[in-house]
>>> print(open('final-v1.csv').read())   # CSV, C-alpha atoms
chain,number,residue,atom,x,y,z
I,51,MET,CA,147.1,131.5,1.2
I,52,THR,CA,149.7,133.8,-0.2
I,53,MET,CA,149.4,137.5,0.3
I,54,THR,CA,149.1,139.7,-2.8
I,55,LEU,CA,151.1,142.9,-3.2
I,56,ASP,CA,147.8,144.8,-3.2
I,57,ARG,CA,146.9,143.4,0.2
I,58,PHE,CA,150.4,144.1,1.4
I,59,ARG,CA,150.0,147.7,0.3
I,60,SER,CA,146.6,148.1,1.9
I,61,LEU,CA,147.9,146.7,5.2
I,62,ALA,CA,150.9,149.1,5.1
I,63,ALA,CA,148.6,152.0,4.3
I,64,ALA,CA,146.5,151.2,7.5
I,65,TYR,CA,149.0,149.9,10.0
I,66,GLY,CA,152.2,151.5,8.8
I,67,GLY,CA,155.7,150.4,7.7
I,68,ASP,CA,156.5,148.1,10.7
I,69,ILE,CA,155.1,144.6,10.0
I,70,ALA,CA,155.4,143.8,13.7
I,71,ARG,CA,152.4,146.2,14.3
I,72,TRP,CA,150.2,144.4,11.7
I,73,PRO,CA,147.5,141.9,12.9
I,74,PRO,CA,149.4,138.9,14.2
I,75,ALA,CA,147.8,136.5,11.7
I,76,LEU,CA,149.1,138.4,8.7
I,77,ARG,CA,152.7,139.1,9.8
I,78,ASP,CA,154.3,135.9,8.5
I,79,GLU,CA,152.7,136.3,5.1
I,80,GLY,CA,153.8,139.9,5.0
I,81,ARG,CA,157.4,139.0,5.8
I,82,SER,CA,157.4,136.3,3.1
I,83,LEU,CA,156.3,138.8,0.5
I,84,LEU,CA,158.8,141.3,1.7
I,85,ALA,CA,161.6,138.8,1.2
I,86,ALA,CA,160.3,137.9,-2.3
I,87,ASP,CA,159.2,141.2,-3.8
I,88,PRO,CA,161.4,144.4,-3.8
I,89,GLN,CA,158.3,146.5,-4.3
I,90,ALA,CA,157.1,145.5,-0.9
I,91,ALA,CA,160.2,147.0,0.7
I,92,GLU,CA,159.5,150.3,-1.2
I,93,ILE,CA,156.0,150.4,0.1
I,94,LEU,CA,157.2,149.9,3.7
I,95,ALA,CA,159.8,152.6,3.4
I,96,ALA,CA,157.3,155.1,2.2
I,97,GLU,CA,154.9,154.3,5.1
I,98,ARG,CA,157.8,154.4,7.6
I,99,GLU,CA,158.2,158.1,6.8
I,100,VAL,CA,154.6,158.7,7.9
I,101,ASP,CA,155.2,156.6,11.0
I,102,ALA,CA,158.2,158.8,11.9
I,103,LEU,CA,156.1,161.9,11.6
I,104,LEU,CA,153.4,160.4,13.8
I,105,ASP,CA,156.1,159.5,16.4
I,106,GLN,CA,156.7,163.3,16.7
I,107,ALA,CA,153.0,163.9,17.4
I,108,VAL,CA,153.0,161.9,20.6
I,109,PRO,CA,152.1,164.5,23.3
I,110,ARG,CA,154.8,165.0,25.9
I,111,ILE,CA,153.2,164.7,29.3
I,112,ASP,CA,155.5,165.8,32.2
I,113,GLU,CA,155.7,164.0,35.5
I,114,GLU,CA,154.7,167.0,37.6
I,115,ARG,CA,151.4,167.4,35.7
I,116,THR,CA,150.7,163.7,36.0
I,117,GLN,CA,151.3,163.7,39.8
I,118,GLU,CA,149.2,166.8,40.3
I,119,LEU,CA,146.3,165.2,38.5
I,120,ILE,CA,146.6,162.0,40.4
I,121,ALA,CA,146.7,163.8,43.7
I,122,ARG,CA,143.7,166.0,42.8
I,123,THR,CA,141.6,163.0,41.7
I,124,LEU,CA,142.5,161.0,44.8
I,125,ARG,CA,141.4,163.9,47.0
I,126,ALA,CA,138.1,164.1,45.1
I,127,THR,CA,137.4,160.4,45.6
I,128,ASP,CA,138.9,159.8,49.1
I,129,PRO,CA,136.1,158.3,51.2
I,130,ARG,CA,137.8,159.5,54.5
I,131,LEU,CA,137.8,163.1,53.3
I,132,ALA,CA,134.2,162.7,52.1
I,133,GLY,CA,133.3,161.7,55.7
I,134,ARG,CA,134.9,164.8,57.1
I,135,LEU,CA,132.9,167.2,55.0
I,136,PRO,CA,130.7,169.5,57.2
I,137,ALA,CA,127.6,168.1,55.7
I,138,ARG,CA,124.1,168.4,57.2
I,139,PRO,CA,123.3,165.2,59.1
I,140,SER,CA,121.1,162.9,57.2
I,141,ARG,CA,117.6,162.1,58.4
I,142,GLN,CA,118.7,158.6,59.2
I,143,ALA,CA,121.6,159.8,61.4
I,144,ASP,CA,119.2,162.2,63.1
I,145,ARG,CA,116.8,159.4,63.8
I,146,ALA,CA,119.6,157.2,65.2
I,147,ARG,CA,120.6,159.8,67.8
I,148,PRO,CA,119.2,158.9,71.3
I,149,ARG,CA,116.5,161.4,72.4
I,150,PRO,CA,115.0,160.6,75.8
I,151,TRP,CA,112.1,163.0,75.3
I,152,ALA,CA,111.2,161.7,71.9
I,153,VAL,CA,109.1,158.7,73.1
I,154,ILE,CA,106.1,160.8,72.4
I,155,PRO,CA,107.7,163.4,70.2
I,156,ARG,CA,105.3,166.5,70.6
I,157,LEU,CA,104.5,165.7,74.2
I,158,GLY,CA,108.2,165.3,75.0
I,159,ASP,CA,108.9,168.9,73.9
I,160,LEU,CA,106.1,170.2,76.0
I,161,ALA,CA,107.0,168.3,79.1
I,162,ARG,CA,110.7,169.4,78.9
I,163,HIS,CA,109.5,173.0,79.4
I,164,LEU,CA,106.7,172.3,82.0
I,165,VAL,CA,108.5,170.0,84.5
I,166,PRO,CA,110.6,172.8,86.1
I,167,ALA,CA,107.5,175.0,86.5
I,168,ALA,CA,105.4,172.2,87.9
I,169,CYS,CA,108.0,171.4,90.5
I,170,LEU,CA,108.2,175.0,91.6
I,171,ALA,CA,104.4,175.3,91.8
I,172,THR,CA,104.1,172.1,93.8
I,173,ALA,CA,106.7,173.2,96.3
I,174,ALA,CA,105.0,176.5,96.8
I,175,ALA,CA,101.5,174.9,97.2
I,176,MET,CA,102.8,172.4,99.7
I,177,GLY,CA,104.4,175.2,101.7
I,178,ILE,CA,101.2,177.1,101.9
I,179,ALA,CA,99.1,174.0,102.7
I,180,ILE,CA,101.5,173.0,105.5
I,181,GLY,CA,101.3,176.6,106.9
I,182,LEU,CA,97.5,176.5,106.9
I,183,GLU,CA,97.3,173.0,108.5
I,184,SER,CA,99.8,173.9,111.2
I,185,GLY,CA,97.5,176.7,112.4
I,186,LEU,CA,99.4,179.7,111.3
I,187,ARG,CA,97.3,182.7,111.0
I,188,PHE,CA,96.6,183.4,107.4
I,189,GLU,CA,94.8,186.6,106.6
I,190,ALA,CA,93.0,186.4,103.4
I,191,SER,CA,93.6,189.2,100.9
I,192,PRO,CA,92.7,189.5,97.3
I,193,MET,CA,96.3,189.5,96.3
I,194,ARG,CA,97.1,186.4,98.3
I,195,GLU,CA,94.1,184.6,96.9
I,196,ALA,CA,95.2,185.5,93.4
I,197,VAL,CA,98.7,184.2,94.0
I,198,PHE,CA,97.3,181.0,95.5
I,199,ALA,CA,94.9,180.5,92.7
I,200,LEU,CA,97.7,181.1,90.2
I,201,LEU,CA,99.9,178.6,91.9
I,202,ILE,CA,97.3,175.9,92.3
I,203,GLU,CA,95.1,176.3,89.3
I,204,GLY,CA,96.8,178.6,86.9
I,205,THR,CA,99.9,176.4,86.4
I,206,PRO,CA,99.5,174.5,83.2
I,207,ALA,CA,101.0,171.4,84.8
I,208,PHE,CA,98.0,171.3,87.2
I,209,ALA,CA,95.6,172.4,84.6
I,210,GLY,CA,96.2,169.1,82.7
I,211,GLY,CA,99.1,170.3,80.7
I,212,LEU,CA,101.0,167.1,80.8
I,213,VAL,CA,98.1,165.0,79.4
I,214,ARG,CA,96.7,167.5,77.0
N,173,MET,CA,151.3,143.8,47.1
N,174,LEU,CA,149.0,145.9,44.9
N,175,GLU,CA,151.9,146.5,42.5
N,176,ALA,CA,151.7,142.8,41.5
N,177,GLN,CA,148.0,142.9,40.8
N,178,THR,CA,146.7,142.9,37.2
N,179,ASP,CA,144.6,145.8,36.1
N,180,ASP,CA,141.5,143.6,36.1
N,181,GLU,CA,142.2,142.6,39.7
N,182,LEU,CA,142.7,146.2,40.7
N,183,VAL,CA,139.4,147.3,39.1
N,184,SER,CA,137.7,144.4,40.9
N,185,ARG,CA,139.0,145.8,44.2
N,186,ILE,CA,138.1,149.4,43.3
N,187,GLY,CA,134.6,148.1,42.8
N,188,VAL,CA,134.3,147.3,46.5
N,189,GLY,CA,135.7,150.7,47.5
N,190,ASP,CA,139.4,150.0,47.8
N,191,HIS,CA,140.9,153.4,47.5
N,192,GLU,CA,144.5,152.1,47.6
N,193,ALA,CA,143.8,149.9,44.6
N,194,PHE,CA,142.3,153.0,42.9
N,195,SER,CA,145.5,155.0,43.7
N,196,GLN,CA,147.6,152.2,42.2
N,197,PHE,CA,145.4,152.0,39.1
N,198,MET,CA,145.8,155.7,38.6
N,199,ARG,CA,149.6,155.7,39.1
N,200,ARG,CA,149.8,153.0,36.4
N,201,HIS,CA,147.6,154.7,33.7
N,202,THR,CA,147.3,158.5,34.2
N,203,ARG,CA,150.2,159.6,32.1
N,204,ARG,CA,149.1,157.4,29.2
N,205,MET,CA,145.5,158.5,29.5
N,206,LEU,CA,146.7,162.2,29.4
N,207,SER,CA,148.6,161.4,26.3
N,208,LEU,CA,145.5,159.8,24.7
N,209,ALA,CA,143.2,162.6,25.7
N,210,GLN,CA,145.6,165.3,24.6
N,211,GLY,CA,146.2,163.5,21.3
N,212,VAL,CA,142.4,163.5,20.6
N,213,LEU,CA,141.7,167.0,22.0
N,214,GLY,CA,144.9,168.8,21.1
N,215,ASN,CA,144.6,170.8,24.3
N,216,ALA,CA,146.2,170.1,27.7
N,217,ALA,CA,143.6,171.8,29.9
N,218,ASP,CA,140.7,169.8,28.4
N,219,ALA,CA,142.8,166.7,28.5
N,220,ASP,CA,143.3,167.1,32.2
N,221,GLU,CA,139.6,167.5,32.9
N,222,VAL,CA,138.7,164.6,30.7
N,223,VAL,CA,141.2,162.3,32.4
N,224,GLN,CA,140.1,163.3,35.9
N,225,ASP,CA,136.4,162.8,35.0
N,226,ALA,CA,137.3,159.4,33.5
N,227,PHE,CA,139.1,158.2,36.7
N,228,ILE,CA,136.2,159.5,38.8
N,229,ARG,CA,133.9,157.3,36.7
N,230,VAL,CA,136.2,154.4,37.2
N,231,TRP,CA,135.9,154.9,41.0
N,232,ARG,CA,132.1,155.2,40.9
N,233,HIS,CA,131.3,152.5,38.4
N,234,ALA,CA,134.1,149.9,38.8
N,235,GLY,CA,131.5,147.7,40.6
N,236,ARG,CA,129.7,147.3,37.2
N,237,PHE,CA,132.9,146.4,35.3
N,238,ASP,CA,132.6,143.0,33.7
N,239,PRO,CA,136.1,141.5,32.9
N,240,ALA,CA,134.4,138.9,30.7
N,241,ARG,CA,133.3,141.7,28.3
N,242,ALA,CA,136.5,143.7,28.0
N,243,ARG,CA,139.9,144.2,29.6
N,244,ALA,CA,140.2,146.9,32.3
N,245,THR,CA,142.5,149.0,30.1
N,246,THR,CA,140.2,148.7,27.1
N,247,TRP,CA,137.4,149.9,29.4
N,248,LEU,CA,139.5,152.8,30.6
N,249,HIS,CA,140.5,153.8,27.0
N,250,ARG,CA,136.8,153.7,26.0
N,251,ILE,CA,135.8,156.0,28.9
N,252,VAL,CA,138.5,158.5,28.0
N,253,VAL,CA,137.7,158.4,24.3
N,254,ASN,CA,133.9,158.8,24.9
N,255,LEU,CA,134.5,161.8,27.3
N,256,ALA,CA,136.9,163.3,24.8
N,257,ILE,CA,134.3,162.9,22.0
N,258,ASP,CA,131.7,164.7,24.3
N,259,ARG,CA,134.2,167.4,24.8
N,260,LEU,CA,134.8,167.8,21.1
N,261,ARG,CA,131.1,168.3,20.6
N,262,ARG,CA,131.1,171.4,22.8
N,263,PRO,CA,132.0,174.7,21.3
N,264,ARG,CA,135.7,175.1,21.2
N,265,GLN,CA,137.6,177.8,23.1
N,266,GLU,CA,141.1,179.0,22.4
N,267,PRO,CA,143.5,177.3,24.9
N,268,LEU,CA,144.9,179.6,27.5
N,269,ASP,CA,147.7,177.4,28.8
N,270,GLY,CA,151.2,176.9,27.5
N,271,HIS,CA,150.3,174.2,24.9
N,272,ASP,CA,150.4,176.7,22.0
N,273,GLU,CA,153.1,178.9,23.4
N,274,LEU,CA,155.9,179.9,21.0
N,275,PRO,CA,159.1,178.1,21.6
N,276,ASP,CA,162.1,179.7,23.2
N,277,GLU,CA,163.6,182.0,20.5
N,278,GLU,CA,167.2,182.1,21.7
N,279,PRO,CA,169.7,181.2,18.9
N,280,SER,CA,171.0,178.3,20.9
N,281,ALA,CA,167.6,176.8,20.7
N,282,LEU,CA,167.5,176.7,16.9
N,283,ASP,CA,167.4,173.0,16.6
N,284,ARG,CA,164.7,172.7,19.2
N,285,MET,CA,162.7,175.3,17.2
N,286,ILE,CA,163.0,173.3,14.0
N,287,GLU,CA,161.9,170.2,15.7
N,288,SER,CA,159.2,171.9,17.6
N,289,GLU,CA,157.9,173.5,14.3
N,290,ARG,CA,157.8,170.0,12.7
N,291,GLU,CA,155.9,168.7,15.7
N,292,ARG,CA,153.5,171.6,15.5
N,293,LEU,CA,152.9,171.0,11.8
N,294,VAL,CA,152.1,167.3,12.4
N,295,ALA,CA,150.0,168.1,15.5
N,296,SER,CA,147.9,170.7,13.7
N,297,THR,CA,147.5,168.4,10.7
N,298,LEU,CA,146.2,165.7,13.0
N,299,GLU,CA,143.9,168.2,14.6
N,300,SER,CA,142.4,169.0,11.2
N,301,LEU,CA,141.4,165.3,10.6
N,302,ALA,CA,137.9,164.1,11.2
N,303,ASP,CA,137.4,163.2,14.9
N,304,ARG,CA,137.1,159.5,14.3
N,305,GLN,CA,140.1,159.4,12.1
N,306,ARG,CA,142.2,161.3,14.6
N,307,ILE,CA,141.0,159.0,17.4
N,308,ALA,CA,141.9,155.9,15.4
N,309,ILE,CA,145.4,157.3,14.7
N,310,THR,CA,145.9,158.3,18.3
N,311,LEU,CA,144.9,154.8,19.6
N,312,PHE,CA,146.9,152.9,17.1
N,313,HIS,CA,150.0,155.0,16.4
N,314,LEU,CA,150.3,157.3,19.5
N,315,GLN,CA,149.0,154.9,22.1
N,316,GLY,CA,150.4,151.8,20.6
N,317,LEU,CA,147.2,149.7,20.8
N,318,SER,CA,146.8,146.8,18.5
N,319,GLY,CA,144.3,146.9,15.7
N,320,ARG,CA,142.0,144.6,17.7
N,321,GLN,CA,142.3,146.8,20.9
N,322,GLY,CA,141.7,150.0,18.9
N,323,ALA,CA,138.6,148.4,17.3
N,324,GLU,CA,137.3,147.4,20.8
N,325,VAL,CA,137.8,150.9,22.2
N,326,MET,CA,135.9,152.4,19.3
N,327,GLY,CA,133.2,149.7,19.2
N,328,LEU,CA,134.1,148.7,15.6
N,329,SER,CA,135.0,145.5,13.8
N,330,GLU,CA,138.7,145.0,13.1
N,331,ASP,CA,138.0,145.5,9.4
N,332,ALA,CA,136.2,148.8,10.0
N,333,PHE,CA,139.0,150.0,12.2
N,334,GLU,CA,141.5,149.1,9.5
N,335,SER,CA,139.5,151.1,6.9
N,336,LEU,CA,139.4,154.0,9.3
N,337,LEU,CA,143.1,153.9,9.8
N,338,THR,CA,143.7,153.8,6.1
N,339,ARG,CA,141.5,156.8,5.5
N,340,ALA,CA,143.2,158.7,8.3
N,341,ARG,CA,146.7,158.1,7.1
N,342,GLN,CA,145.8,158.9,3.5
N,343,SER,CA,144.2,162.1,4.7
N,344,LEU,CA,147.2,163.0,6.9
N,345,LYS,CA,149.6,162.4,4.0
N,346,LYS,CA,147.5,164.6,1.6
N,347,ARG,CA,147.2,167.4,4.1
N,348,LEU,CA,150.9,167.3,4.9
N,349,ARG,CA,151.7,167.4,1.2
N,350,ASP,CA,149.4,170.4,0.7
N,351,LYS,CA,151.0,172.2,3.6
N,352,ASN,CA,154.4,171.6,2.2
N,353,GLY,CA,153.2,172.9,-1.1
N,354,GLU,CA,152.0,176.1,0.6
N,355,ALA,CA,155.3,176.7,2.4
>>> encode(input="final-v1.csv", output="structure tokens")
Amino acid sequence: MTMTLDRFRSLAAAYGGDIARWPPALRDEGRSLLAADPQAAEILAAEREVDALLDQAVPRIDEERTQELIARTLRATDPRLAGRLPARPSRQADRARPRPWAVIPRLGDLARHLVPAACLATAAAMGIAIGLESGLRFEASPMREAVFALLIEGTPAFAGGLVR
Amino acid sequence: MLEAQTDDELVSRIGVGDHEAFSQFMRRHTRRMLSLAQGVLGNAADADEVVQDAFIRVWRHAGRFDPARARATTWLHRIVVNLAIDRLRRPRQEPLDGHDELPDEEPSALDRMIESERERLVASTLESLADRQRIAITLFHLQGLSGRQGAEVMGLSEDAFESLLTRARQSLKKRLRDKNGEA
């Protein structure tokens, strides 16, 4: 099929005065018409003026600006930098951390505080009991009884604190 | 090694978190995308933001990229154009950077001033076009995409893209003639 001058004009009006930029399937027909019809050359010449103006409108982008933007974007997406951010540990990471007292969570917290007190109370009670058994004179006094009662009964560890 | 990879291959690697591939992809396309965004927006600061956002989207969504549907560069152009359109819909602010600065007024720079003035005239005329017309002109004439690629980026048929280009160029010619008449 031969290209008409009207079609030639409309292609130039859309794609400009350089036939090499037209759709590939239409270039050969365009060149044939250009060779055969002098009006076709005039049409292209007029459109080339517009092309030349458009060439001047291409924004000039300098290298420094380009490199700056690349660096900024790479920093914003770098997975290694993201890993170093001082973020709050996730619940998952918190769960993964080994916690010896967390076998029974609430009881673990309680036991952590009570064990030292229980050891101290046991040592004191055993010392008193050994003293009594070995025949040492032990004069009862309200204060001593109160201290003894506190050591033996008042200590939460002995009052069932560990299993409560 | 990465230099030899095609854009589609790079995007495929980016999709599995390869930051080096992402760096290579950016080095290849950032300047061109800045030119595209600035051509559409007419503003350097907005263009920078749009292009950075576009590449961050590439990083996040490359895993979803399907090379059977479009080439990686077409996909990238589409992201930049869509973000630029979003930006155009926001209320415009006067640019504060050097994009609109007056040229050097020293006498030795006279030629540069004339050239610069001509560029300014064409740029301002392009900015006055309808957004879709300006995008079509930018893709085809300023970016050098083919008619088919431009149509793909804009989600149009080739015929529709051709019509859009025709209207854009006609409008540009008329406005330039009017401005010359005013001068």
>>> residues_around(input="final-v1.csv", residues="Arg115 (chain I)", least_positions_apart="6", cutoff="12 Å", atoms="all atoms listed in the file", output="ChimeraX atom specification")
/I:121-122 /N:202-203,206-207,216-217,219-220,223
>>> write_last_selection(input="final-v1.csv", atoms="C-alpha atoms", output="mmCIF file, in the frame of the given file")
data_model
loop_
_atom_site.group_PDB
_atom_site.id
_atom_site.type_symbol
_atom_site.label_atom_id
_atom_site.label_comp_id
_atom_site.auth_asym_id
_atom_site.auth_seq_id
_atom_site.Cartn_x
_atom_site.Cartn_y
_atom_site.Cartn_z
ATOM 1 C CA ALA I 121 146.700 163.800 43.700
ATOM 2 C CA ARG I 122 143.700 166.000 42.800
ATOM 3 C CA THR N 202 147.300 158.500 34.200
ATOM 4 C CA ARG N 203 150.200 159.600 32.100
ATOM 5 C CA LEU N 206 146.700 162.200 29.400
ATOM 6 C CA SER N 207 148.600 161.400 26.300
ATOM 7 C CA ALA N 216 146.200 170.100 27.700
ATOM 8 C CA ALA N 217 143.600 171.800 29.900
ATOM 9 C CA ALA N 219 142.800 166.700 28.500
ATOM 10 C CA ASP N 220 143.300 167.100 32.200
ATOM 11 C CA VAL N 223 141.200 162.300 32.400
#
>>> atom_distance(input="final-v1.csv", atom1="CA of Arg110 (chain I)", atom2="CA of Arg71 (chain I)")
22.2 Å
>>> interface_residues(input="final-v1.csv", of="chain N", to="chain I", cutoff="7 Å", atoms="all atoms listed in the file", output="number ranges by chain")
N: 191, 195, 198, 202-203, 206-207, 210-211, 224, 228, 291, 294-295, 313-314, 319, 334, 337-338, 341
>>> residues_near_point(input="final-v1.csv", point="(157.3, 143.0, 6.1)", cutoff="10 Å", atoms="only C-alpha atoms", output="list in words")
Phe58, Ala62, Gly67, Asp68, Ile69, Ala70, Trp72, Leu76, Arg77, Asp78, Glu79, Gly80, Arg81, Ser82, Leu83, Leu84, Ala85, Ala90, Ala91, Ile93 and Leu94 of chain I
>>> closest_residue(input="final-v1.csv", among="N:Leu317, N:Arg262, N:Ile186, N:Met326", to="Arg236 (chain N)", atoms="only C-alpha atoms")
N:Ile186
